[in-house]
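For reference, target31.txt is printed below; it contains compact mmCIF, C-alpha atoms.
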```
# COMPACT_ATOMS: atom_id res chain seq x y z
CA MET A 1 3.06 -2.73 -29.38
CA ILE A 2 1.95 -1.90 -25.84
CA ALA A 3 1.70 1.78 -24.96
CA ILE A 4 2.57 3.03 -21.46
CA VAL A 5 0.74 6.31 -20.90
CA ASP A 6 3.23 9.05 -20.06
CA TYR A 7 1.57 11.95 -18.30
CA GLY A 8 4.50 12.93 -16.13
CA VAL A 9 3.80 10.62 -13.17
CA GLY A 10 5.78 7.68 -11.84
CA ASN A 11 8.69 5.37 -12.51
CA LEU A 12 7.97 4.31 -16.09
CA TYR A 13 11.46 2.99 -16.68
CA SER A 14 10.96 -0.10 -14.48
CA LEU A 15 7.60 -0.84 -16.06
CA GLN A 16 9.05 -0.59 -19.54
CA CYS A 17 11.96 -2.88 -18.57
CA SER A 18 9.62 -5.45 -17.02
CA LEU A 19 7.57 -5.63 -20.23
CA LYS A 20 10.73 -6.10 -22.25
CA ARG A 21 11.65 -8.94 -19.88
CA VAL A 22 8.41 -10.79 -20.65
CA GLY A 23 9.04 -10.38 -24.35
CA ALA A 24 6.70 -7.50 -25.12
CA GLU A 25 7.53 -4.38 -27.03
CA ALA A 26 6.51 -1.28 -25.12
CA VAL A 27 6.67 2.41 -25.77
CA VAL A 28 6.30 5.24 -23.25
CA THR A 29 4.13 7.87 -24.88
CA ALA A 30 1.57 10.65 -24.54
CA ASP A 31 0.99 10.77 -28.30
CA GLU A 32 -2.63 10.33 -29.35
CA LYS A 33 -1.82 8.45 -32.53
CA THR A 34 0.62 6.04 -30.85
CA LEU A 35 -1.92 5.31 -28.11
CA SER A 36 -4.69 4.75 -30.65
CA ASN A 37 -2.52 2.39 -32.69
CA ALA A 38 -1.24 0.43 -29.68
CA SER A 39 -2.50 -3.11 -29.18
CA LYS A 40 -2.90 -2.54 -25.43
CA ILE A 41 -2.55 0.37 -23.03
CA LEU A 42 -1.01 0.50 -19.56
CA LEU A 43 -1.92 3.40 -17.29
CA PRO A 44 0.65 3.72 -14.47
CA GLY A 45 0.64 6.23 -11.64
CA VAL A 46 1.94 7.22 -8.24
CA GLY A 47 1.26 10.28 -6.09
CA ALA A 48 -2.01 12.12 -5.51
CA PHE A 49 -5.29 11.28 -7.31
CA ALA A 50 -6.39 14.85 -8.10
CA ASP A 51 -2.98 15.81 -9.50
CA ALA A 52 -2.80 12.74 -11.69
CA VAL A 53 -6.31 13.20 -13.11
CA ALA A 54 -5.54 16.89 -13.76
CA LYS A 55 -2.40 15.92 -15.65
CA LEU A 56 -4.31 13.39 -17.77
CA LYS A 57 -6.90 16.05 -18.59
CA GLU A 58 -4.26 18.64 -19.44
CA LYS A 59 -3.08 16.39 -22.23
CA GLY A 60 -6.59 15.37 -23.27
CA LEU A 61 -5.72 11.81 -22.35
CA ASP A 62 -8.84 11.26 -20.24
CA GLU A 63 -11.15 11.48 -23.25
CA LEU A 64 -8.75 9.47 -25.37
CA LEU A 65 -8.68 6.64 -22.79
CA LYS A 66 -12.50 6.59 -22.61
CA GLU A 67 -12.68 6.34 -26.40
CA GLN A 68 -10.05 3.62 -26.50
CA ALA A 69 -11.95 1.71 -23.80
CA LYS A 70 -15.00 1.58 -26.11
CA THR A 71 -12.97 -0.07 -28.88
CA GLY A 72 -12.55 -3.18 -26.72
CA LYS A 73 -8.79 -2.69 -26.43
CA TYR A 74 -7.28 -3.99 -23.18
CA ILE A 75 -6.42 -1.14 -20.83
CA MET A 76 -4.77 -1.89 -17.50
CA GLY A 77 -4.24 0.63 -14.71
CA ILE A 78 -1.51 0.11 -12.13
CA CYS A 79 -1.66 1.45 -8.56
CA LEU A 80 -2.96 5.04 -8.86
CA GLY A 81 -3.59 4.21 -12.52
CA MET A 82 -6.08 1.56 -11.35
CA GLN A 83 -7.71 3.96 -8.93
CA MET A 84 -8.29 6.46 -11.74
CA LEU A 85 -10.41 3.90 -13.62
CA PHE A 86 -13.17 4.24 -10.97
CA ASP A 87 -16.03 6.73 -10.76
CA GLU A 88 -14.53 8.81 -7.98
CA SER A 89 -11.92 9.10 -5.25
CA HIS A 90 -12.21 10.51 -1.75
CA GLU A 91 -8.54 11.49 -1.49
CA TYR A 92 -8.44 15.04 -0.09
CA GLY A 93 -11.98 15.88 -1.23
CA VAL A 94 -14.10 14.12 -3.84
CA HIS A 95 -12.64 13.89 -7.33
CA GLN A 96 -14.01 12.33 -10.47
CA GLY A 97 -12.17 9.47 -12.10
CA LEU A 98 -12.51 8.03 -15.58
CA GLY A 99 -15.66 6.11 -14.69
CA LEU A 100 -14.62 2.98 -16.60
CA ILE A 101 -15.27 0.74 -13.59
CA LYS A 102 -18.08 1.20 -11.07
CA GLY A 103 -16.88 1.97 -7.55
CA LYS A 104 -15.01 4.50 -5.52
CA VAL A 105 -11.62 4.95 -3.89
CA VAL A 106 -11.55 5.66 -0.14
CA PRO A 107 -8.88 6.19 2.55
CA MET A 108 -7.72 3.20 4.59
CA ARG A 109 -7.37 5.27 7.75
CA GLY A 110 -10.56 4.99 9.75
CA LEU A 111 -11.73 1.88 7.88
CA ILE A 112 -9.07 -0.60 8.96
CA ASP A 113 -7.66 -1.49 12.39
CA GLU A 114 -6.01 1.67 13.67
CA ARG A 115 -2.94 -0.27 14.82
CA LEU A 116 -2.09 -1.13 11.21
CA LYS A 117 0.21 1.20 9.37
CA VAL A 118 -0.83 3.43 6.53
CA PRO A 119 0.48 3.45 3.82
CA HIS A 120 0.12 -0.30 3.31
CA ILE A 121 3.70 -0.89 2.11
CA GLY A 122 5.17 -4.29 1.38
CA TRP A 123 4.50 -7.78 0.08
CA ASN A 124 1.06 -9.21 0.72
CA GLY A 125 -0.68 -12.41 -0.43
CA LEU A 126 -3.24 -12.48 -3.24
CA ARG A 127 -6.63 -14.19 -3.05
CA PHE A 128 -8.83 -14.82 -6.05
CA PRO A 129 -12.62 -14.65 -5.60
CA ARG A 130 -13.05 -15.74 -9.24
CA PRO A 131 -10.68 -16.99 -11.91
CA HIS A 132 -9.20 -14.51 -14.35
CA PHE A 133 -6.65 -14.88 -17.13
CA LEU A 134 -4.31 -12.32 -15.50
CA PHE A 135 -3.62 -14.79 -12.69
CA LYS A 136 -3.57 -18.01 -14.68
CA ASP A 137 0.07 -18.69 -13.75
CA VAL A 138 -0.13 -17.36 -10.17
CA LYS A 139 -1.13 -19.33 -7.07
CA GLU A 140 -3.49 -18.29 -4.31
CA GLY A 141 -1.29 -16.81 -1.56
CA ASP A 142 1.51 -15.66 -3.88
CA CYS A 143 2.74 -12.24 -2.78
CA ALA A 144 2.68 -8.96 -4.68
CA TYR A 145 4.20 -5.61 -3.73
CA PHE A 146 1.78 -2.93 -2.55
CA VAL A 147 2.25 0.76 -1.77
CA HIS A 148 -0.98 2.66 -1.13
CA SER A 149 -3.04 4.57 1.43
CA TYR A 150 -6.39 4.44 -0.41
CA PHE A 151 -8.33 1.46 -1.76
CA ALA A 152 -11.18 0.74 -4.15
CA THR A 153 -14.53 -0.24 -2.71
CA ASP A 154 -18.18 -0.73 -3.79
CA CYS A 155 -16.85 -2.68 -6.74
CA ASP A 156 -17.48 -6.29 -5.66
CA GLU A 157 -18.63 -7.43 -9.08
CA SER A 158 -15.28 -6.39 -10.64
CA VAL A 159 -12.87 -7.71 -7.99
CA ILE A 160 -10.61 -10.45 -9.37
CA ALA A 161 -7.99 -10.35 -6.58
CA ALA A 162 -8.01 -9.21 -2.96
CA THR A 163 -5.42 -8.93 -0.21
CA GLU A 164 -5.84 -9.11 3.56
CA TYR A 165 -4.90 -6.04 5.57
CA ASP A 166 -7.27 -6.25 8.52
CA LYS A 167 -10.08 -6.55 5.99
CA LEU A 168 -9.97 -7.79 2.41
CA LEU A 169 -8.84 -4.93 0.20
CA THR A 170 -9.28 -4.77 -3.57
CA ALA A 171 -6.02 -5.91 -5.18
CA ALA A 172 -7.15 -6.22 -8.81
CA VAL A 173 -10.27 -5.54 -10.85
CA ALA A 174 -11.59 -6.41 -14.28
CA LYS A 175 -14.62 -5.35 -16.29
CA GLU A 176 -14.41 -6.84 -19.75
CA ASN A 177 -11.41 -5.14 -21.42
CA ILE A 178 -10.69 -2.78 -18.50
CA LEU A 179 -8.25 -4.16 -15.92
CA GLY A 180 -6.50 -2.76 -12.87
CA CYS A 181 -3.91 -3.83 -10.28
CA GLN A 182 -3.53 -1.99 -6.98
CA PHE A 183 -0.12 -3.63 -6.48
CA HIS A 184 2.92 -3.05 -8.68
CA PRO A 185 3.40 -6.08 -10.97
CA GLU A 186 6.65 -4.54 -12.26
CA LYS A 187 7.99 -4.67 -8.67
CA SER A 188 6.52 -8.02 -7.62
CA GLY A 189 9.35 -10.27 -8.73
CA GLU A 190 8.56 -13.46 -10.67
CA VAL A 191 4.88 -13.33 -9.66
CA GLY A 192 4.54 -9.85 -11.11
CA LEU A 193 6.28 -10.84 -14.33
CA LYS A 194 3.83 -13.75 -14.76
CA ILE A 195 0.92 -11.34 -14.40
CA LEU A 196 2.41 -8.92 -16.93
CA LYS A 197 3.10 -11.78 -19.31
CA ALA A 198 -0.54 -12.90 -19.07
CA PHE A 199 -1.62 -9.36 -19.88
CA CYS A 200 0.76 -9.05 -22.81
CA GLU A 201 -0.18 -12.39 -24.32
CA VAL A 202 -3.97 -12.23 -24.10
CA MET B 203 -1.30 -10.67 6.02
CA ILE B 204 1.47 -8.30 5.15
CA THR B 205 4.85 -10.01 5.34
CA LYS B 206 7.96 -8.91 7.22
CA ARG B 207 10.60 -7.76 4.76
CA ILE B 208 14.26 -8.80 4.63
CA ILE B 209 16.45 -6.19 2.96
CA PRO B 210 20.13 -6.46 2.01
CA CYS B 211 22.01 -3.18 1.71
CA LEU B 212 24.84 -2.69 -0.78
CA ASP B 213 27.41 0.07 -0.41
CA VAL B 214 28.46 1.25 -3.86
CA LYS B 215 31.53 3.34 -4.62
CA ASP B 216 32.47 4.39 -8.14
CA GLY B 217 29.98 1.86 -9.49
CA ARG B 218 31.41 -1.10 -7.55
CA VAL B 219 30.25 -2.82 -4.37
CA VAL B 220 32.59 -2.13 -1.49
CA LYS B 221 33.01 -4.11 1.72
CA GLY B 222 33.98 -7.61 0.73
CA VAL B 223 31.35 -9.87 -0.62
CA ASN B 224 31.88 -13.57 -0.48
CA PHE B 225 29.62 -15.89 -2.41
CA GLU B 226 30.85 -19.15 -3.78
CA LYS B 227 28.50 -19.14 -6.72
CA LEU B 228 29.03 -15.53 -7.63
CA LYS B 229 32.12 -14.58 -9.60
CA GLU B 230 31.48 -10.88 -10.14
CA VAL B 231 31.18 -10.11 -6.46
CA ALA B 232 31.86 -6.42 -6.91
CA SER B 233 29.18 -5.91 -9.55
CA PRO B 234 26.09 -4.33 -8.00
CA VAL B 235 23.98 -5.59 -10.90
CA GLU B 236 25.07 -9.22 -10.43
CA LEU B 237 24.71 -9.04 -6.68
CA ALA B 238 21.25 -7.49 -6.96
CA LYS B 239 20.19 -10.28 -9.34
CA TYR B 240 21.56 -12.86 -6.91
CA TYR B 241 19.66 -11.41 -3.96
CA SER B 242 16.46 -10.97 -5.93
CA ALA B 243 16.57 -14.64 -6.99
CA ASN B 244 17.32 -15.66 -3.39
CA GLY B 245 14.48 -14.21 -1.40
CA ALA B 246 15.38 -10.55 -0.81
CA ASP B 247 12.18 -8.51 -0.56
CA GLU B 248 13.77 -5.22 -1.47
CA LEU B 249 17.26 -3.83 -2.06
CA VAL B 250 19.00 -0.73 -0.78
CA PHE B 251 21.83 0.78 -2.79
CA TYR B 252 23.88 3.19 -0.79
CA ASP B 253 26.08 5.46 -2.89
CA ILE B 254 29.23 6.38 -0.98
CA THR B 255 30.90 8.01 -3.96
CA ALA B 256 32.26 11.49 -3.57
CA SER B 257 33.15 12.43 -7.16
CA ALA B 258 30.93 13.49 -10.04
CA GLU B 259 32.26 10.65 -12.22
CA GLY B 260 31.40 8.22 -9.46
CA ARG B 261 27.86 9.62 -9.42
CA SER B 262 27.34 8.92 -13.08
CA LEU B 263 28.78 5.42 -12.68
CA PHE B 264 26.25 4.94 -9.90
CA THR B 265 23.25 6.00 -11.97
CA ASP B 266 24.48 3.75 -14.76
CA VAL B 267 24.59 0.82 -12.33
CA LEU B 268 21.12 1.73 -11.12
CA LYS B 269 19.71 1.72 -14.64
CA ARG B 270 21.24 -1.64 -15.45
CA THR B 271 19.95 -3.08 -12.17
CA ALA B 272 16.41 -1.78 -12.65
CA ALA B 273 16.39 -3.35 -16.12
CA GLU B 274 16.99 -6.80 -14.64
CA VAL B 275 15.72 -6.81 -11.06
CA PHE B 276 11.99 -6.47 -10.50
CA ILE B 277 11.72 -5.88 -6.77
CA PRO B 278 11.63 -2.50 -4.99
CA LEU B 279 14.86 -0.56 -5.08
CA THR B 280 15.72 2.13 -2.53
CA VAL B 281 18.62 4.48 -3.14
CA GLY B 282 20.48 6.55 -0.56
CA GLY B 283 23.71 8.51 -0.25
CA GLY B 284 24.39 12.00 -1.52
CA ILE B 285 20.73 13.04 -1.70
CA ARG B 286 20.80 16.76 -1.00
CA GLU B 287 18.24 18.40 -3.28
CA LEU B 288 15.22 17.63 -5.43
CA ALA B 289 17.45 17.19 -8.46
CA ASP B 290 19.05 14.20 -6.70
CA PHE B 291 15.62 12.59 -6.29
CA GLU B 292 14.94 13.14 -9.97
CA ARG B 293 18.33 11.73 -10.95
CA VAL B 294 17.84 8.39 -9.19
CA LEU B 295 14.08 8.03 -9.73
CA SER B 296 14.46 8.42 -13.48
CA CYS B 297 17.00 5.57 -13.41
CA GLY B 298 14.60 3.09 -11.82
CA ALA B 299 14.75 3.77 -8.07
CA ASP B 300 11.38 3.42 -6.31
CA LYS B 301 12.25 5.08 -3.04
CA VAL B 302 14.89 7.57 -2.03
CA SER B 303 16.41 7.65 1.40
CA VAL B 304 17.67 10.91 2.88
CA ASN B 305 19.89 11.38 5.89
CA SER B 306 22.41 14.25 6.10
CA GLY B 307 20.57 16.01 3.26
CA ALA B 308 17.46 16.34 5.43
CA ILE B 309 19.50 17.50 8.42
CA ALA B 310 21.14 20.24 6.35
CA ASN B 311 17.85 21.18 4.70
CA PRO B 312 14.74 20.07 6.60
CA ASP B 313 12.46 21.40 3.82
CA LEU B 314 13.81 18.72 1.48
CA ILE B 315 11.48 16.00 2.79
CA LYS B 316 8.37 18.11 2.40
CA ALA B 317 9.30 19.24 -1.09
CA ALA B 318 10.13 15.69 -2.20
CA ALA B 319 6.97 14.21 -0.64
CA GLN B 320 4.83 16.80 -2.40
CA ARG B 321 6.41 16.14 -5.75
CA TYR B 322 6.88 12.36 -5.67
CA GLY B 323 4.50 11.21 -2.94
CA ASP B 324 5.14 10.13 0.66
CA GLN B 325 5.73 6.53 -0.39
CA CYS B 326 8.85 7.64 -2.21
CA VAL B 327 10.60 9.41 0.67
CA VAL B 328 12.46 7.41 3.31
CA ILE B 329 14.10 9.08 6.30
CA SER B 330 17.22 7.22 7.34
CA ALA B 331 18.60 8.16 10.74
CA ASP B 332 22.00 7.21 12.20
CA VAL B 333 21.44 7.15 15.95
CA LYS B 334 23.84 6.84 18.87
CA ARG B 335 23.45 7.22 22.61
CA VAL B 336 25.15 10.29 24.05
CA ASP B 337 24.87 10.80 27.81
CA GLY B 338 21.93 8.41 27.92
CA LYS B 339 20.01 10.19 25.14
CA PHE B 340 19.48 9.15 21.52
CA HIS B 341 21.26 11.60 19.23
CA VAL B 342 21.03 11.86 15.44
CA PHE B 343 24.36 11.83 13.66
CA ALA B 344 25.13 13.32 10.26
CA LYS B 345 27.76 12.72 7.59
CA GLY B 346 27.88 8.95 7.80
CA GLY B 347 27.98 8.98 11.59
CA ARG B 348 30.91 11.39 11.91
CA GLU B 349 29.03 14.40 13.23
CA ASP B 350 26.80 14.63 16.31
CA THR B 351 23.95 17.00 15.47
CA GLY B 352 22.93 17.18 19.13
CA MET B 353 19.32 16.60 18.07
CA GLU B 354 17.20 14.06 19.97
CA ALA B 355 16.60 11.19 17.55
CA VAL B 356 12.99 10.18 18.15
CA SER B 357 11.65 13.73 17.92
CA TRP B 358 13.73 14.26 14.76
CA ILE B 359 12.22 11.16 13.17
CA VAL B 360 8.69 12.23 14.19
CA ARG B 361 9.30 15.61 12.60
CA CYS B 362 10.49 13.99 9.34
CA VAL B 363 7.39 11.78 9.22
CA ARG B 364 5.19 14.84 9.76
CA GLU B 365 6.97 16.51 6.85
CA GLY B 366 6.04 13.57 4.64
CA ALA B 367 8.54 10.73 5.02
CA GLY B 368 6.61 7.53 4.28
CA GLU B 369 9.07 5.11 5.83
CA VAL B 370 11.83 5.19 8.44
CA VAL B 371 15.17 3.38 8.51
CA VAL B 372 16.58 3.36 12.03
CA ASN B 373 20.28 2.59 12.07
CA SER B 374 21.72 2.16 15.54
CA MET B 375 25.39 3.11 15.60
CA ASP B 376 25.68 1.50 19.04
CA THR B 377 24.74 -1.96 17.77
CA ASP B 378 26.04 -1.63 14.20
CA GLY B 379 28.94 -4.00 13.50
CA VAL B 380 28.70 -5.62 16.93
CA LYS B 381 26.55 -8.52 15.63
CA ASN B 382 24.87 -8.85 18.98
CA GLY B 383 21.31 -8.15 17.89
CA PHE B 384 19.22 -5.15 16.85
CA ASP B 385 18.79 -2.12 19.11
CA LEU B 386 15.39 -3.06 20.50
CA GLU B 387 15.22 -0.18 22.96
CA LEU B 388 15.73 2.44 20.25
CA LEU B 389 13.44 0.68 17.77
CA ASP B 390 10.67 0.38 20.35
CA ALA B 391 10.89 4.11 21.06
CA VAL B 392 10.63 4.92 17.33
CA CYS B 393 7.76 2.47 16.70
CA ARG B 394 5.75 4.02 19.54
CA ALA B 395 6.25 7.48 18.07
CA VAL B 396 5.43 6.99 14.37
CA ASP B 397 2.73 5.13 12.40
CA VAL B 398 4.63 4.61 9.14
CA PRO B 399 6.68 1.48 8.38
CA VAL B 400 9.91 1.12 10.38
CA ILE B 401 12.98 -0.69 9.06
CA ALA B 402 15.52 -1.91 11.63
CA SER B 403 19.20 -1.65 10.82
CA GLY B 404 22.40 -2.36 12.73
CA GLY B 405 23.35 -5.34 14.84
CA ALA B 406 22.15 -8.44 12.99
CA GLY B 407 24.60 -11.28 13.58
CA SER B 408 22.43 -14.39 13.41
CA GLN B 409 19.01 -15.61 12.32
CA GLU B 410 17.89 -15.52 15.94
CA HIS B 411 18.39 -11.76 16.00
CA PHE B 412 15.75 -11.37 13.28
CA VAL B 413 13.39 -13.72 15.16
CA GLU B 414 13.92 -11.69 18.33
CA LEU B 415 13.35 -8.42 16.44
CA PHE B 416 10.00 -9.40 14.94
CA LYS B 417 8.76 -11.30 18.04
CA LYS B 418 9.59 -8.61 20.57
CA LEU B 419 8.68 -5.69 18.34
CA PRO B 420 5.78 -6.69 16.06
CA ALA B 421 5.55 -3.06 14.94
CA VAL B 422 8.87 -3.34 13.08
CA ASP B 423 8.21 -4.02 9.39
CA ALA B 424 11.59 -4.99 8.02
CA GLY B 425 15.13 -5.96 8.94
CA LEU B 426 18.05 -4.56 6.99
CA ALA B 427 21.60 -5.88 7.05
CA ALA B 428 24.74 -5.90 4.94
CA SER B 429 27.75 -7.99 5.88
CA VAL B 430 25.91 -11.00 7.36
CA PHE B 431 24.23 -11.43 3.99
CA HIS B 432 27.25 -10.51 1.86
CA PHE B 433 29.55 -12.96 3.66
CA GLY B 434 26.98 -15.72 3.47
CA GLU B 435 26.73 -15.94 7.26
CA ILE B 436 22.98 -15.78 6.84
CA ALA B 437 21.35 -17.10 3.67
CA ILE B 438 18.04 -15.29 3.18
CA PRO B 439 16.06 -18.42 2.17
CA ASP B 440 17.22 -20.15 5.41
CA LEU B 441 16.40 -17.05 7.43
CA LYS B 442 12.90 -16.94 5.97
CA ARG B 443 12.27 -20.60 6.75
CA THR B 444 13.38 -19.98 10.35
CA LEU B 445 11.06 -16.98 10.62
CA GLN B 446 8.18 -18.99 9.16
CA LYS B 447 8.72 -21.75 11.74
CA GLU B 448 8.43 -19.10 14.41
CA ASN B 449 5.07 -18.02 12.94
CA ILE B 450 6.42 -14.79 11.54
CA VAL B 451 4.79 -14.16 8.17
CA VAL B 452 7.31 -13.84 5.36
CA ARG B 453 7.27 -14.11 1.57
CA ILE B 454 8.72 -17.51 0.62
```
Target format structure tokens, applied to this file:
Amino acid sequence: MIAIVDYGVGNLYSLQCSLKRVGAEAVVTADEKTLSNASKILLPGVGAFADAVAKLKEKGLDELLKEQAKTGKYIMGICLGMQMLFDESHEYGVHQGLGLIKGKVVPMRGLIDERLKVPHIGWNGLRFPRPHFLFKDVKEGDCAYFVHSYFATDCDESVIAATEYDKLLTAAVAKENILGCQFHPEKSGEVGLKILKAFCEV
Amino acid sequence: MITKRIIPCLDVKDGRVVKGVNFEKLKEVASPVELAKYYSANGADELVFYDITASAEGRSLFTDVLKRTAAEVFIPLTVGGGIRELADFERVLSCGADKVSVNSGAIANPDLIKAAAQRYGDQCVVISADVKRVDGKFHVFAKGGREDTGMEAVSWIVRCVREGAGEVVVNSMDTDGVKNGFDLELLDAVCRAVDVPVIASGGAGSQEHFVELFKKLPAVDAGLAASVFHFGEIAIPDLKRTLQKENIVVRI
């Protein structure tokens, strides 16, 4: 059973349906016991970093996730859920993240070509600096769907996928059992389903 | 490189697709779920469902359709029509919509965009503007194009983006249905004024119109159309190959 962390943020229905499509059983939950018993954990998220972290903390889920990370269980963050895995974010001030992956999250504006639009919304190609099981069935250049205004940096050693938007932006990260996708696999068509399937089956 | 998006728009009334749809391979042409699956498998980058229902029963049929679609189609889904208050955002987002487009609802209540952007994030809020030239000026129209608000369109769109709209759909009433190409003059004016993604709507009649749109206005992010796709006049995979040949980056 895969647990999708429910802390009151984001479209969890699509994520749950996409997991069902790849043959996995998934439950949307904020319950400590269910999360502890789950085989894997997905941490979704949209909206603002500080709000999302505050909501996790309110439910005590930040400490729970850190404990679960130590057990070696696979935990994958999606979009803002990925950003929360890092040490800190510079979205409207500096806010602490879960610190499960080294690096920080910074605004695109000011760091990429000013003619490019922010948010970075749409389908963009993936590049793989090193092989990883998440992308075993996906080709270099396959597109995934992105929606974000901030990106993870200072995390070179964890980057397993990048996407070009003026410069190469972090598209996915992995550090042992901790994984993260900046794009939305549940909204990335067949490519996204292949990535979710790889996660579910590992 | 980010790709240019091609977006079919489905008008849904009482849970069924209206405006004739004509696909040889598709039997259930009036089923939004079947049509969405068809488009998703055939190169659409995103789908827009526009709810033109007036009744409460129709509304619940619509959310039912939305739920069934989101369970089977894994590309972004934008929903518009009848979005007047935050509860309407909640209603469609909980059924699997990713973005919500507001039009008359924002004109009647300009605070709606700000409130929705604060609660659900800018990426979730799309301002859709129906625009028509009146005495040489771009005016915003409300109520499905029936009512001239008298407001200048570009400044209205700029205001909505300032309030938190993360994307803009520009629908030209002057070019809509004419099939003579997109309204490049209007789109250029909007692209110069805002720095969020702009989706062009109204006027597509051939593949060349999409080529012209993205070549002449590289700042436009997506092209939206309805009947040319529904009637099979343009097949999206063919359109994307044409765009690719013209060095316009698309998702194949």
* To do: Pull out every residue of chain B sitting within 8 Å of chain A, counting all atoms listed in the file, and send them as a ChimeraX atom specification.
  => /B:203-207,242,247,272-278,295-300,321-325,368,397-399,453
At a cut-off of 12 Å from (11.5, 0.3, 17.9) in the coordinates of the file, what residues are picked up using all atoms listed in the file, written as a PDB file with C-alpha atoms, keeping the file's coordinate frame?
```
ATOM      1  CA  VAL B 356      12.990  10.180  18.150  1.00  0.00           C
ATOM      2  CA  ILE B 359      12.220  11.160  13.170  1.00  0.00           C
ATOM      3  CA  VAL B 370      11.830   5.190   8.440  1.00  0.00           C
ATOM      4  CA  VAL B 371      15.170   3.380   8.510  1.00  0.00           C
ATOM      5  CA  VAL B 372      16.580   3.360  12.030  1.00  0.00           C
ATOM      6  CA  ASN B 373      20.280   2.590  12.070  1.00  0.00           C
ATOM      7  CA  SER B 374      21.720   2.160  15.540  1.00  0.00           C
ATOM      8  CA  PHE B 384      19.220  -5.150  16.850  1.00  0.00           C
ATOM      9  CA  ASP B 385      18.790  -2.120  19.110  1.00  0.00           C
ATOM     10  CA  LEU B 386      15.390  -3.060  20.500  1.00  0.00           C
ATOM     11  CA  GLU B 387      15.220  -0.180  22.960  1.00  0.00           C
ATOM     12  CA  LEU B 388      15.730   2.440  20.250  1.00  0.00           C
ATOM     13  CA  LEU B 389      13.440   0.680  17.770  1.00  0.00           C
ATOM     14  CA  ASP B 390      10.670   0.380  20.350  1.00  0.00           C
ATOM     15  CA  ALA B 391      10.890   4.110  21.060  1.00  0.00           C
ATOM     16  CA  VAL B 392      10.630   4.920  17.330  1.00  0.00           C
ATOM     17  CA  CYS B 393       7.760   2.470  16.700  1.00  0.00           C
ATOM     18  CA  ARG B 394       5.750   4.020  19.540  1.00  0.00           C
ATOM     19  CA  ALA B 395       6.250   7.480  18.070  1.00  0.00           C
ATOM     20  CA  VAL B 396       5.430   6.990  14.370  1.00  0.00           C
ATOM     21  CA  ASP B 397       2.730   5.130  12.400  1.00  0.00           C
ATOM     22  CA  VAL B 398       4.630   4.610   9.140  1.00  0.00           C
ATOM     23  CA  PRO B 399       6.680   1.480   8.380  1.00  0.00           C
ATOM     24  CA  VAL B 400       9.910   1.120  10.380  1.00  0.00           C
ATOM     25  CA  ILE B 401      12.980  -0.690   9.060  1.00  0.00           C
ATOM     26  CA  ALA B 402      15.520  -1.910  11.630  1.00  0.00           C
ATOM     27  CA  SER B 403      19.200  -1.650  10.820  1.00  0.00           C
ATOM     28  CA  LEU B 415      13.350  -8.420  16.440  1.00  0.00           C
ATOM     29  CA  PHE B 416      10.000  -9.400  14.940  1.00  0.00           C
ATOM     30  CA  LYS B 417       8.760 -11.300  18.040  1.00  0.00           C
ATOM     31  CA  LYS B 418       9.590  -8.610  20.570  1.00  0.00           C
ATOM     32  CA  LEU B 419       8.680  -5.690  18.340  1.00  0.00           C
ATOM     33  CA  PRO B 420       5.780  -6.690  16.060  1.00  0.00           C
ATOM     34  CA  ALA B 421       5.550  -3.060  14.940  1.00  0.00           C
ATOM     35  CA  VAL B 422       8.870  -3.340  13.080  1.00  0.00           C
ATOM     36  CA  ASP B 423       8.210  -4.020   9.390  1.00  0.00           C
ATOM     37  CA  ALA B 424      11.590  -4.990   8.020  1.00  0.00           C
ATOM     38  CA  GLY B 425      15.130  -5.960   8.940  1.00  0.00           C
TER      39      GLY B 425
END
```
* Tell me which protein, DNA and RNA residues are within 12 Å of A:Leu64, counting all atoms listed in the file, leaving out same-chain ones fewer than 4 positions away, and put them as a VMD selection string. => chain A and resid 5 30 to 37 41 56 to 60 68 to 71 75 98
* Option closest in space to A:Lys55, from A:Glu176, A:Glu157, A:Asp137, A:Asp6 [counting only C-alpha atoms] ->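 Once distances to A:Lys55 are computed over only C-alpha atoms, the minimum belongs to A:Asp6.
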* **Counting all atoms listed in the file, the residue of B:Gln320, B:Thr444, B:Ser233, B:Thr377 that sits nearest B:Arg335** =>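 Looking only at the distances to B:Arg335, the closest residue turns out to be B:Thr377.
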Would you compute an axis-aligned box for stretch 9-15 of chain A, covering every atom listed for it in the file with 6 Å of margin on each side, and report centre and edge lengths in Å to one decimal as AutoDock Vina command-line options?
```
--center_x 7.6 --center_y 4.9 --center_z -14.3 --size_x 19.7 --size_y 23.5 --size_z 16.8
```
I need every residue sitting at most 9 Å from the point (33.6, 2.9, -4.7) (coordinates as in the file, only C-alpha atoms considered), written as an mmCIF file with C-alpha atoms, in the coordinates of the input.
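As a result, selection.cif now contains:
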```cif
data_model
loop_
_atom_site.group_PDB
_atom_site.id
_atom_site.type_symbol
_atom_site.label_atom_id
_atom_site.label_comp_id
_atom_site.auth_asym_id
_atom_site.auth_seq_id
_atom_site.Cartn_x
_atom_site.Cartn_y
_atom_site.Cartn_z
ATOM 1 C CA ASP B 213 27.410 0.070 -0.410
ATOM 2 C CA VAL B 214 28.460 1.250 -3.860
ATOM 3 C CA LYS B 215 31.530 3.340 -4.620
ATOM 4 C CA ASP B 216 32.470 4.390 -8.140
ATOM 5 C CA GLY B 217 29.980 1.860 -9.490
ATOM 6 C CA ARG B 218 31.410 -1.100 -7.550
ATOM 7 C CA VAL B 219 30.250 -2.820 -4.370
ATOM 8 C CA VAL B 220 32.590 -2.130 -1.490
ATOM 9 C CA ASP B 253 26.080 5.460 -2.890
ATOM 10 C CA ILE B 254 29.230 6.380 -0.980
ATOM 11 C CA THR B 255 30.900 8.010 -3.960
ATOM 12 C CA ALA B 256 32.260 11.490 -3.570
ATOM 13 C CA GLY B 260 31.400 8.220 -9.460
#
```
